[in-house]
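Okay, work-v2.cif is below, mmCIF, C-alpha atoms:
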```
data_input
loop_
_atom_site.group_PDB
_atom_site.id
_atom_site.type_symbol
_atom_site.label_atom_id
_atom_site.label_comp_id
_atom_site.auth_asym_id
_atom_site.auth_seq_id
_atom_site.Cartn_x
_atom_site.Cartn_y
_atom_site.Cartn_z
ATOM 1 C CA LEU A 470 0.000 0.000 0.000
ATOM 2 C CA VAL A 471 1.323 3.422 -0.962
ATOM 3 C CA LEU A 472 -0.443 6.395 0.592
ATOM 4 C CA GLY A 473 0.329 9.587 -1.332
ATOM 5 C CA GLY A 474 3.144 9.362 -3.839
ATOM 6 C CA GLY A 475 0.975 10.013 -6.882
ATOM 7 C CA ASP A 476 4.092 10.660 -8.959
ATOM 8 C CA GLY A 477 4.717 6.894 -9.060
ATOM 9 C CA MET A 478 8.306 7.144 -7.797
ATOM 10 C CA ALA A 479 7.741 5.018 -4.686
ATOM 11 C CA VAL A 480 5.753 2.544 -6.787
ATOM 12 C CA ARG A 481 8.663 2.442 -9.268
ATOM 13 C CA GLU A 482 11.017 1.356 -6.482
ATOM 14 C CA ILE A 483 8.570 -1.218 -5.094
ATOM 15 C CA LEU A 484 8.049 -2.821 -8.509
ATOM 16 C CA LYS A 485 11.788 -3.523 -8.790
ATOM 17 C CA TYR A 486 11.198 -6.588 -6.608
ATOM 18 C CA PRO A 487 9.725 -9.557 -8.517
ATOM 19 C CA SER A 488 8.141 -10.909 -5.323
ATOM 20 C CA VAL A 489 5.704 -7.974 -5.246
ATOM 21 C CA GLU A 490 2.347 -9.286 -6.398
ATOM 22 C CA ARG A 491 0.287 -6.099 -6.234
ATOM 23 C CA VAL A 492 0.445 -2.468 -5.183
ATOM 24 C CA THR A 493 -2.474 -0.279 -4.164
ATOM 25 C CA LEU A 494 -1.748 3.433 -4.553
ATOM 26 C CA VAL A 495 -4.098 5.823 -2.735
ATOM 27 C CA GLU A 496 -3.579 9.371 -4.019
ATOM 28 C CA LEU A 497 -5.960 12.246 -3.354
ATOM 29 C CA ASP A 498 -5.339 14.153 -6.583
ATOM 30 C CA PRO A 499 -6.520 12.395 -9.771
ATOM 31 C CA HIS A 500 -4.722 15.025 -11.865
ATOM 32 C CA MET A 501 -1.437 13.894 -10.334
ATOM 33 C CA THR A 502 -1.889 10.218 -11.207
ATOM 34 C CA THR A 503 -3.229 11.108 -14.665
ATOM 35 C CA LEU A 504 -0.298 13.420 -15.381
ATOM 36 C CA PHE A 505 2.294 10.894 -14.209
ATOM 37 C CA SER A 506 0.687 8.059 -16.167
ATOM 38 C CA THR A 507 0.200 9.957 -19.461
ATOM 39 C CA SER A 508 3.068 12.441 -19.900
ATOM 40 C CA PRO A 509 5.872 10.672 -21.817
ATOM 41 C CA MET A 510 8.625 12.467 -19.878
ATOM 42 C CA LEU A 511 7.068 11.689 -16.479
ATOM 43 C CA ARG A 512 6.261 8.100 -17.484
ATOM 44 C CA GLU A 513 9.932 7.654 -18.348
ATOM 45 C CA LEU A 514 10.900 9.115 -14.974
ATOM 46 C CA ASN A 515 8.688 6.704 -13.002
ATOM 47 C CA HIS A 516 9.443 3.780 -15.382
ATOM 48 C CA ASP A 517 5.755 3.606 -16.329
ATOM 49 C CA SER A 518 5.008 2.309 -12.844
ATOM 50 C CA LEU A 519 1.465 3.686 -12.758
ATOM 51 C CA ARG A 520 0.564 1.654 -15.857
ATOM 52 C CA SER A 521 1.772 -1.657 -14.419
ATOM 53 C CA PRO A 522 -0.906 -4.371 -14.274
ATOM 54 C CA LYS A 523 0.220 -4.962 -10.675
ATOM 55 C CA VAL A 524 -0.846 -1.434 -9.661
ATOM 56 C CA LYS A 525 -4.327 -0.401 -8.596
ATOM 57 C CA ILE A 526 -4.796 3.383 -8.350
ATOM 58 C CA VAL A 527 -7.419 4.729 -5.966
ATOM 59 C CA ASN A 528 -8.022 8.478 -6.093
ATOM 60 C CA ALA A 529 -9.302 9.166 -2.601
ATOM 61 C CA ASP A 530 -8.408 10.812 0.670
ATOM 62 C CA ALA A 531 -6.062 8.357 2.417
ATOM 63 C CA PHE A 532 -7.584 8.930 5.857
ATOM 64 C CA SER A 533 -11.139 8.271 4.631
ATOM 65 C CA TRP A 534 -10.036 5.338 2.481
ATOM 66 C CA LEU A 535 -8.325 3.621 5.419
ATOM 67 C CA GLU A 536 -11.298 4.364 7.648
ATOM 68 C CA ASN A 537 -13.828 2.939 5.178
ATOM 69 C CA ASP A 538 -11.779 0.091 3.689
ATOM 70 C CA ASP A 539 -12.916 -3.454 4.433
ATOM 71 C CA GLY A 540 -9.950 -4.134 6.712
ATOM 72 C CA GLU A 541 -7.574 -5.484 4.066
ATOM 73 C CA THR A 542 -4.041 -5.866 5.414
ATOM 74 C CA PHE A 543 -0.783 -5.153 3.644
ATOM 75 C CA ASP A 544 2.724 -6.551 4.105
ATOM 76 C CA ALA A 545 4.229 -3.124 3.492
ATOM 77 C CA ILE A 546 2.798 0.377 3.725
ATOM 78 C CA VAL A 547 4.625 3.432 2.399
ATOM 79 C CA VAL A 548 3.330 6.751 3.745
ATOM 80 C CA ASP A 549 4.535 9.573 1.488
ATOM 81 C CA PHE A 550 2.695 12.783 2.361
ATOM 82 C CA PRO A 551 3.814 16.400 2.317
ATOM 83 C CA ASP A 552 4.618 17.962 5.664
ATOM 84 C CA PRO A 553 1.488 19.080 7.549
ATOM 85 C CA THR A 554 0.816 22.729 6.719
ATOM 86 C CA ASN A 555 -2.977 22.729 7.140
ATOM 87 C CA PHE A 556 -5.753 20.700 8.771
ATOM 88 C CA SER A 557 -6.416 18.411 5.818
ATOM 89 C CA ILE A 558 -2.794 17.300 5.738
ATOM 90 C CA GLY A 559 -2.349 17.544 9.522
ATOM 91 C CA LYS A 560 -4.972 14.837 10.109
ATOM 92 C CA LEU A 561 -2.601 12.439 8.305
ATOM 93 C CA TYR A 562 -0.111 12.823 11.164
ATOM 94 C CA THR A 563 -2.466 12.064 14.065
ATOM 95 C CA ARG A 564 -2.710 9.104 16.402
ATOM 96 C CA THR A 565 -6.073 8.265 14.817
ATOM 97 C CA PHE A 566 -4.452 8.076 11.380
ATOM 98 C CA TYR A 567 -1.605 5.851 12.612
ATOM 99 C CA GLU A 568 -4.154 3.615 14.352
ATOM 100 C CA LEU A 569 -5.778 3.150 10.935
ATOM 101 C CA VAL A 570 -2.367 2.308 9.457
ATOM 102 C CA GLU A 571 -1.823 -0.193 12.298
ATOM 103 C CA ARG A 572 -5.174 -1.825 11.540
ATOM 104 C CA HIS A 573 -4.192 -2.347 7.876
ATOM 105 C CA LEU A 574 -0.636 -3.516 8.557
ATOM 106 C CA ALA A 575 -0.126 -7.281 8.473
ATOM 107 C CA ALA A 576 1.155 -8.798 11.715
ATOM 108 C CA SER A 577 4.615 -9.309 10.213
ATOM 109 C CA GLY A 578 4.486 -6.197 8.038
ATOM 110 C CA TYR A 579 6.317 -2.885 8.108
ATOM 111 C CA ALA A 580 5.234 0.654 7.354
ATOM 112 C CA VAL A 581 7.668 3.411 6.484
ATOM 113 C CA VAL A 582 6.690 7.019 7.068
ATOM 114 C CA GLN A 583 8.310 10.105 5.546
ATOM 115 C CA THR A 584 8.524 12.388 8.556
ATOM 116 C CA THR A 585 10.448 15.633 7.769
ATOM 117 C CA SER A 586 13.956 16.695 8.704
ATOM 118 C CA PRO A 587 15.195 15.734 12.179
ATOM 119 C CA LEU A 588 17.770 18.512 11.783
ATOM 120 C CA ILE A 589 15.584 21.405 10.601
ATOM 121 C CA ALA A 590 12.279 20.350 12.204
ATOM 122 C CA ARG A 591 13.552 18.300 15.137
ATOM 123 C CA LYS A 592 10.467 18.631 17.367
ATOM 124 C CA SER A 593 8.138 17.775 14.482
ATOM 125 C CA PHE A 594 10.185 14.691 13.579
ATOM 126 C CA TRP A 595 10.146 13.322 17.128
ATOM 127 C CA THR A 596 6.459 14.197 17.541
ATOM 128 C CA VAL A 597 5.691 11.849 14.655
ATOM 129 C CA ALA A 598 7.727 9.080 16.334
ATOM 130 C CA THR A 599 5.854 9.588 19.621
ATOM 131 C CA THR A 600 2.490 9.655 17.825
ATOM 132 C CA ILE A 601 3.230 6.385 16.004
ATOM 133 C CA GLU A 602 4.185 4.787 19.341
ATOM 134 C CA ALA A 603 0.958 6.109 20.903
ATOM 135 C CA ALA A 604 -0.943 4.284 18.151
ATOM 136 C CA GLY A 605 0.524 0.989 19.400
ATOM 137 C CA LEU A 606 3.311 0.500 16.875
ATOM 138 C CA ALA A 607 7.023 0.107 17.468
ATOM 139 C CA ALA A 608 8.836 3.069 15.877
ATOM 140 C CA THR A 609 12.368 2.875 14.497
ATOM 141 C CA PRO A 610 13.466 6.364 13.437
ATOM 142 C CA TYR A 611 16.229 6.795 10.874
ATOM 143 C CA HIS A 612 17.665 9.567 8.746
ATOM 144 C CA ALA A 613 19.546 9.945 5.494
ATOM 145 C CA HIS A 614 20.956 12.739 3.416
ATOM 146 C CA VAL A 615 18.675 13.257 0.420
ATOM 147 C CA PRO A 616 20.350 15.545 -2.148
ATOM 148 C CA SER A 617 17.161 17.444 -3.029
ATOM 149 C CA PHE A 618 15.996 17.820 0.613
ATOM 150 C CA GLY A 619 19.066 17.702 2.850
ATOM 151 C CA GLU A 620 19.030 15.676 6.065
ATOM 152 C CA TRP A 621 15.695 13.873 5.999
ATOM 153 C CA GLY A 622 13.918 11.563 8.408
ATOM 154 C CA PHE A 623 11.802 8.473 8.192
ATOM 155 C CA ILE A 624 10.272 6.003 10.625
ATOM 156 C CA VAL A 625 9.809 2.263 10.248
ATOM 157 C CA ALA A 626 6.633 1.298 12.102
ATOM 158 C CA SER A 627 5.694 -2.273 12.926
ATOM 159 C CA HIS A 628 3.942 -4.554 15.392
ATOM 160 C CA ARG A 629 7.303 -5.769 16.655
ATOM 161 C CA PRO A 630 10.688 -4.055 16.893
ATOM 162 C CA TRP A 631 12.643 -3.745 13.652
ATOM 163 C CA ARG A 632 16.080 -5.345 13.650
ATOM 164 C CA LEU A 633 19.108 -4.593 11.507
ATOM 165 C CA PRO A 634 19.225 -7.097 8.646
ATOM 166 C CA ALA A 635 22.253 -9.306 8.043
ATOM 167 C CA ALA A 636 21.897 -8.829 4.266
ATOM 168 C CA LEU A 637 20.258 -6.449 1.804
ATOM 169 C CA PRO A 638 18.735 -6.990 -1.646
ATOM 170 C CA GLN A 639 21.132 -7.016 -4.598
ATOM 171 C CA GLY A 640 21.509 -3.935 -6.771
ATOM 172 C CA LEU A 641 21.255 -1.157 -4.190
ATOM 173 C CA ARG A 642 23.384 1.852 -5.162
ATOM 174 C CA PHE A 643 23.953 3.539 -1.801
ATOM 175 C CA LEU A 644 22.832 1.364 1.101
ATOM 176 C CA THR A 645 25.125 -1.247 2.651
ATOM 177 C CA VAL A 646 24.806 -3.448 5.709
ATOM 178 C CA GLN A 647 27.853 -1.690 7.163
ATOM 179 C CA GLY A 648 26.232 1.734 6.621
ATOM 180 C CA LEU A 649 22.889 0.898 8.268
ATOM 181 C CA PRO A 650 23.878 1.693 11.877
ATOM 182 C CA ALA A 651 24.743 5.292 10.890
ATOM 183 C CA LEU A 652 21.159 5.813 9.718
ATOM 184 C CA LEU A 653 19.904 4.970 13.197
ATOM 185 C CA ASP A 654 22.394 7.210 15.006
ATOM 186 C CA PHE A 655 21.065 10.650 15.918
ATOM 187 C CA PRO A 656 23.774 13.101 17.007
ATOM 188 C CA PRO A 657 22.936 15.659 19.741
ATOM 189 C CA ASP A 658 21.519 18.252 17.301
ATOM 190 C CA MET A 659 19.010 15.654 16.026
ATOM 191 C CA ALA A 660 18.511 13.618 19.229
ATOM 192 C CA ARG A 661 15.063 12.838 20.563
ATOM 193 C CA VAL A 662 13.216 15.665 22.275
#
```
Please go through the file and, once you have read it, give me the structure as structure tokens.
Amino acid sequence: LVLGGGDGMAVREILKYPSVERVTLVELDPHMTTLFSTSPMLRELNHDSLRSPKVKIVNADAFSWLENDDGETFDAIVVDFPDPTNFSIGKLYTRTFYELVERHLAASGYAVVQTTSPLIARKSFWTVATTIEAAGLAATPYHAHVPSFGEWGFIVASHRPWRLPAALPQGLRFLTVQGLPALLDFPPDMARV
């Protein structure tokens, strides 16, 4: 399940794994998914991910969709929303929202949440971690330098604590097993508050 991400970039990365059987993309803006599935330049950018037969696009508000869905569970959930700047986006960062995510996450599944910069918006980043924990999920915060954003934060949420893997999938360009611990290390200027 991908919530937000109507540009198809997260879906592009997910579809790289042959074991993925299906992807449901819930994107509020139908113009976004139409643009990124019809414009030749944008289709090339997202590797035509939104036209894959494995992908089901639902143009709906993610909060309402999760609330009204039949309780389907997903092995992986990617939450890719803009930072909360108004009420309609802010509701996607509440305990109620993360409780809905928890309800749709398979028992052995993982969700990953884009959370903002732990360096620039430190309190906001750690508020998201605390809110996810309040919803009953284990939260594993991590950060990485993203060239177009700077130091950026994410949280792995799950029903059980996440553990460092002993191996990673083949073909990754930047991530190594040896480099993983650095992603979980928050220096004093990014430490939990």
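In this model, the gap between atom CA of Glu490 of chain A and atom CA of Ser521 of chain A comes to 11.1 Å.
Look at Asp658 of chain A: the protein and nucleic acid residues within 12 Å of it, using all atoms listed in the file and passing over chain neighbours fewer than 6 places away, are Ser586, Pro587, Leu588, Ile589, Ala590, Arg591, Lys592 and Glu620 of chain A.
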Picked residues, the PyMOL selection byres ((chain A and resi 513-517) around 6), as a ChimeraX atom specification:
/A:477-478,481,510-512,518-520
Taking 2 positions as the minimum chain separation for residues in the same chain, which residues sit within 7 Å of Ser577 of chain A when counting all atoms listed in the file? Answer as an MDAnalysis selection string.
chainID A and resid 544 575 579
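Atom to atom, atom CA of Ala580 of chain A and atom CA of Gly605 of chain A stand 12.9 Å apart.
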Carefully work through the PyMOL selection byres ((chain A and resi 629-646) around 10) for this structure and note down the residues it includes, as an MDAnalysis selection string.
chainID A and resid 485:486 576:579 605:609 625:628 647:650 652:653
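For the atom pair formed by atom CA of Asn537 of chain A and atom CA of His573 of chain A, the distance is 11.3 Å, given to one decimal.
Around Glu541 of chain A, within 12 Å and counting only C-alpha atoms, the residues found are Leu470, Thr493, Trp534, Leu535, Glu536, Ile546, Leu569, Val570, Glu571, Arg572, His573, Leu574 and Ala575 of chain A, once anything fewer than 5 positions away on its own chain is removed.
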I need the residue set behind the PyMOL selection byres ((chain A and resi 564) around 6) for this file; please write it as a ChimeraX atom specification.
/A:563,565-567,600,604
